[in-house]
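Visitor: Before I ask anything, let me first share the structure, which is written out below as structure tokens.
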Amino acid sequence: MLGEGWKWCSDRPEYPDARTHAGHSARIQLVEDQFLEEGFSVRMKSVWRRLLGVEETVIRGIRFENEMQALVATVRPYRRRRGRCGECNRRCARYDPGEGPRRWRTLDLGTIQVFLESEAPRVSCPDHGVIVQAVPWARHDARFTRAFEDQAAWLATHTARSTVSELLRVAWRTVGGMIVRVVTEAEAALDRLNGLQRIGIDEVSHRKGQRYLTVVVDHDSRRLIWAAAGHDEATLSRFFEKLGPKRCAKLRLISADAAPWIAAVAKRYCPQARLCLDPFHVVAWATDALDEVRRAVWNAARKNGETELARELKGARFALWKNPENRTERQNRKLAFIARTNLPLYRAYLLKEQLRTIFKLKGDLGKAMLEEWLQWARRCRIGPFVKLAKTIARHRRDIEATLDIGLSNALVESTNTKIRLLTRQAFGFHYPEALISIAMLALGGLCPSLPGRA
């Protein structure tokens with residue numbers, strides 16, 4: 001029984017007798033034998049509002065539909081919530097009754113799907129034109145209630161996509177639309193770009209075919225604050241335009257790799273901010289130069305018939321790449337062999353290691369050592385490192401800012417790694433907005449609480 005004072009009601013003629021539901025072996029009576037003429041009691045109205053997860057809503061009746069095997073609640077908004085624009089929530093004049101009753105799926109009751117049914121009149125908004133009126137239980141242009149979408153967003157952030165689809169009985173692509181709506185509403189209510197002083201910028205691949213996202217991370221809150229499809233000046237300019245001139249003027253530090261489009265946009269919108277070049281990328285340049293030297297020496301040994309030397313050099317790549325504290329005993333022996341047999345390659349290795357040491361020292365000592373490294377690299381007569389010295393000299397100001405302040409892109413790279421994992425979870429979304437929304441939920445602090453829990 002559903003409780004004393006509960007009245008089954010059906011205001012639609014196609015459901016003349018909705019009081020019982022036929023099962024396979026028994027008839028389950030869903031209503032009390034004696035109805036109260038006034039309908040729901042105050043207590044039962046409150047209980048049903050909690051069960052359905054709605055607020056500021058009048059529950060007019062409940063019925064069970066045999067064909068759909070679902071519970072349908074006929075509802076309407078409170079008087080003060082009627083006649084409002086679905087986009088801006090502004091009170092507007094009624095335009096017409098719309099296309100008839102609409103349904104929104106809400107949280108299940110046990111194993112039974114539940115729907116809310118209500119009229120959906122249209123209003124005439126001065127800003128948005130003729131539009132369906134807002135309802136307190138759902139976001140605009142959605143066929144699911146706010147509670148259902150919040151639950152879907154929470155599950156998509158914490159569980160696998162197959163689990164979400166199976167548990168909620170909806171398609172994964174449908175979940176993508178819910179996530180976009182949840183994030184859009186959360187971003188409108190919270191200004192995450194306010195108070196920015198130190199940010200990190202990078203790009204991350206999200207699909208085959210050179211498709212990238214540009215991501216911006218706040219070093220102070222350690223959260224993802226902005227992302228968009230693309231990796232060029234036009235894409236990044238959208239972030240700074242959204243930030244606005246006043247907030248751009250408050251930025252002090254920007255960490256990034258040496259991508260010229262990042263430096264160009266940062267200089268254009270916030271020339272006062274210091275650009276800190278990520279140490280990992282600088283050392284990676286030296287590692288690439290070292291590997292280029294190794295390949296050249298290996299090819300020369302093969303051409304000259306030095307088979308044993310070529311074999312040793314081919315297997316020495318990781319011995320040259322690894323940090324000294326991470327090398328195995330076998331790799332140490334290979335490095336000692338290179339020091340005895342090939343001085344140019346060993347000097348290239350020492351150049352790489354000294355550059356790595358510079359970023360460990362930092363400060364004035366690191367800058368003094370950087371000057372010595374540039375002089376050594378310029379006169380080393382190792383082609384790739386002579387070229388690297390010119391590249392580092394061009395970016396010297398940004399490298400010295402990193403040595404002074406100690407800001408790197410490690411947090412941004414960590415965020416990129418998590419986005420790659422989310423990319424696997426978001427497989428099946430054919431547009432980047434859904435992936436960005438999942439990233440904002442998981443990494444941007446926008447994930448809603450489960451319905452009914454603060």
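FYI, nothing fancy with the structure tokens labels: chains A, B, ... in order, residues from 1 per chain, ligands from 1 as they appear.
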Going by DSSP on the backbone, which bits of stretch 42-123 of chain A are strand (DSSP E or B)? Write them as a ChimeraX atom specification, please.
Guide: /A:57-65,70-77,84-85,91,93-96,102-109,112-118,122-123
Visitor: Counting only C-alpha atoms, which of A:Ala301, A:Leu155, A:Ile112, A:Val282 gets nearest to A:Ala259?
Guide: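 Counting only C-alpha atoms, the residue closest to A:Ala259 is A:Val282.
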Visitor: How would you write, as a list in words, the set of residues in stretch 166-203 of chain A that DSSP gives as helix (DSSP H, G or I)?
Guide: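 So, restricting stretch 166-203 of chain A to helix (DSSP H, G or I), we get Glu166, Leu167, Leu168, Trp172, Arg173, Thr174, Val175, Gly176, Gly177, Met178, Ile179, Val180, Arg181, Val182, Val183, Thr184, Glu185, Ala186, Glu187, Ala188 and Ala189 of chain A.
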Visitor: My list of candidates is A:Glu117, A:Lys45, A:Arg356, A:Trp154. Which is closest to A:Arg63 when distances are computed with only C-alpha atoms?
Guide: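 Going through A:Glu117, A:Lys45, A:Arg356, A:Trp154 one by one, the smallest distance to A:Arg63 is for A:Glu117.
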Visitor: Just checking: using only C-alpha atoms, which residue out of A:Val54, A:Ala120, A:Ala152, A:Val114 ends up closest to A:Ala73?
Guide: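 Residue with the minimum atom-to-atom distance to A:Ala73: A:Val114.
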Visitor: Please identify all polymer residues within 10 Å of A:Val293, counting only C-alpha atoms, omitting same-chain residues fewer than 2 positions from it, and present them as a list in words.
Guide: Thr287, Asp288, Ala289, Leu290, Asp291, Arg295, Ala296, Val297, Trp298, Asn299, Pro344, Leu345, Tyr346, Ala348, Tyr349, Ile382, Gly383, Pro384 and Phe385 of chain A
Visitor: Between atom CA of A:Val180 and atom CA of A:Thr106, measure the distance and give it in Å to one decimal.
Guide: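 It comes out at 17.9 Å.
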Visitor: What does the distance between atom CA of A:Trp48 and atom CA of A:Gln133 come to in Å, to one decimal place?
Guide: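 One can read the atom CA of A:Trp48 to atom CA of A:Gln133 distance as 23.5 Å.
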Visitor: Enter the distance from atom CA of A:Thr57 to atom CA of A:Ala134, in Å, rounded to one decimal.
Guide: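 These two atoms are separated by 12.2 Å.
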Visitor: With distances taken over only C-alpha atoms, which of A:Trp104, A:Phe280, A:Phe115, A:Trp376 is nearest to A:Met68?
Guide: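 Ranked by minimum distance to A:Met68, first place goes to A:Phe115.
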Visitor: Please produce, as a Markdown table, a per-residue contact table for stretch 229-295 of chain A versus stretch 194-216 of chain A (criterion: any atom at most 7 Å away, only C-alpha atoms considered), showing the nearest atom pair and its distance in Å to one decimal, sorted by chain then residue number.
Guide:
```
| residue | atom | partner | partner_atom | distance |
| --- | --- | --- | --- | --- |
| A:Ala229 | CA | A:Leu213 | CA | 4.4 |
| A:Gly230 | CA | A:Tyr212 | CA | 5.2 |
| A:His231 | CA | A:Thr214 | CA | 5.4 |
| A:Lys250 | CA | A:Gln197 | CA | 6.0 |
| A:Leu251 | CA | A:Gln197 | CA | 4.3 |
| A:Arg252 | CA | A:Gln197 | CA | 5.3 |
| A:Leu253 | CA | A:Arg198 | CA | 4.8 |
| A:Ile254 | CA | A:Ile199 | CA | 5.1 |
| A:Ser255 | CA | A:Gly200 | CA | 4.6 |
| A:Ala256 | CA | A:Ile201 | CA | 5.2 |
```
Visitor: With C-alpha atoms retained, write the just-selected residues as a JSON list (two decimals), in the first residue's frame.
Guide:
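Output saved as again_22.json:
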```json
[["chain", "number", "residue", "atom", "x", "y", "z"],
["A", 229, "ALA", "CA", 39.19, 21.80, -29.70],
["A", 230, "GLY", "CA", 42.17, 22.94, -31.77],
["A", 231, "HIS", "CA", 45.77, 23.92, -31.09],
["A", 250, "LYS", "CA", 46.56, 40.13, -13.36],
["A", 251, "LEU", "CA", 48.35, 37.10, -14.82],
["A", 252, "ARG", "CA", 51.94, 36.87, -13.56],
["A", 253, "LEU", "CA", 53.27, 33.52, -14.81],
["A", 254, "ILE", "CA", 52.49, 31.23, -17.75],
["A", 255, "SER", "CA", 54.12, 27.82, -18.09],
["A", 256, "ALA", "CA", 54.22, 26.22, -21.52]]
```
Visitor: Excluding A:Leu441 and residues on its chain fewer than 5 positions from it, collect all residues at most 10 Å away from it, counting only C-alpha atoms, and give them as a PyMOL selection string.
Guide: chain A and resi 153-154+156-158+179-180+182-183+186+224+435-436+446-448
Visitor: Print the selection's residues with C-alpha atoms to a file, as a short mmCIF file (atom, residue, chain, number, x, y, z; two decimals), in the first residue's frame.
Guide:
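Result file is result.cif:
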```cif
data_model
loop_
_atom_site.label_atom_id
_atom_site.label_comp_id
_atom_site.auth_asym_id
_atom_site.auth_seq_id
_atom_site.Cartn_x
_atom_site.Cartn_y
_atom_site.Cartn_z
CA ALA A 153 27.24 12.85 -14.70
CA TRP A 154 28.47 11.54 -11.36
CA ALA A 156 30.27 8.91 -15.85
CA THR A 157 33.02 10.50 -13.78
CA HIS A 158 33.48 7.59 -11.37
CA ILE A 179 27.12 15.74 -19.30
CA VAL A 180 27.31 18.75 -21.62
CA VAL A 182 25.38 19.62 -16.50
CA VAL A 183 28.75 21.26 -17.17
CA ALA A 186 27.78 24.57 -13.57
CA LEU A 224 41.55 22.29 -15.32
CA LEU A 435 35.07 14.77 -23.88
CA ILE A 436 35.75 18.32 -22.67
CA LEU A 446 32.39 20.57 -11.62
CA CYS A 447 31.16 17.07 -10.77
CA PRO A 448 27.75 17.35 -9.04
#
```
Visitor: From the list A:Ile419, A:Glu185, A:Arg192, A:Leu107, which residue is nearest A:Arg169 when using only C-alpha atoms?
Guide: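 Under the stated criterion, the closest residue is A:Leu107.
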Visitor: With a distance cut-off of 9 Å and only C-alpha atoms, select the neighbouring residues of stretch 331-335 of chain A, excluding the residue or stretch itself and same-chain residues fewer than 5 positions from it, and output the selection as a list in words.
Guide: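 Close residues of stretch 331-335 of chain A: Glu312, Leu313, Gly315, Ala316, Phe318, Ala319, Leu320, Pro324, Arg340 and Tyr346 of chain A.
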Visitor: Just checking: using only C-alpha atoms, which residue out of A:Tyr78, A:Cys85, A:Gly110, A:Phe144 ends up closest to A:Pro126?
Guide: A:Cys85
Visitor: For A:Cys270, list every protein, DNA or RNA residue within 12 Å, evaluated using only C-alpha atoms, and leave out those in the same chain fewer than 5 positions away; present the list as a list in words.
Guide: Gln197, Ser237, Phe240, Glu241, Leu243, Gly244, Pro245, Lys246, Arg247, Cys248, Ala249, Lys250, Leu251, Arg252, Leu253, Ile254, Ile262, Ala263, Ala264, Val265 and Leu275 of chain A
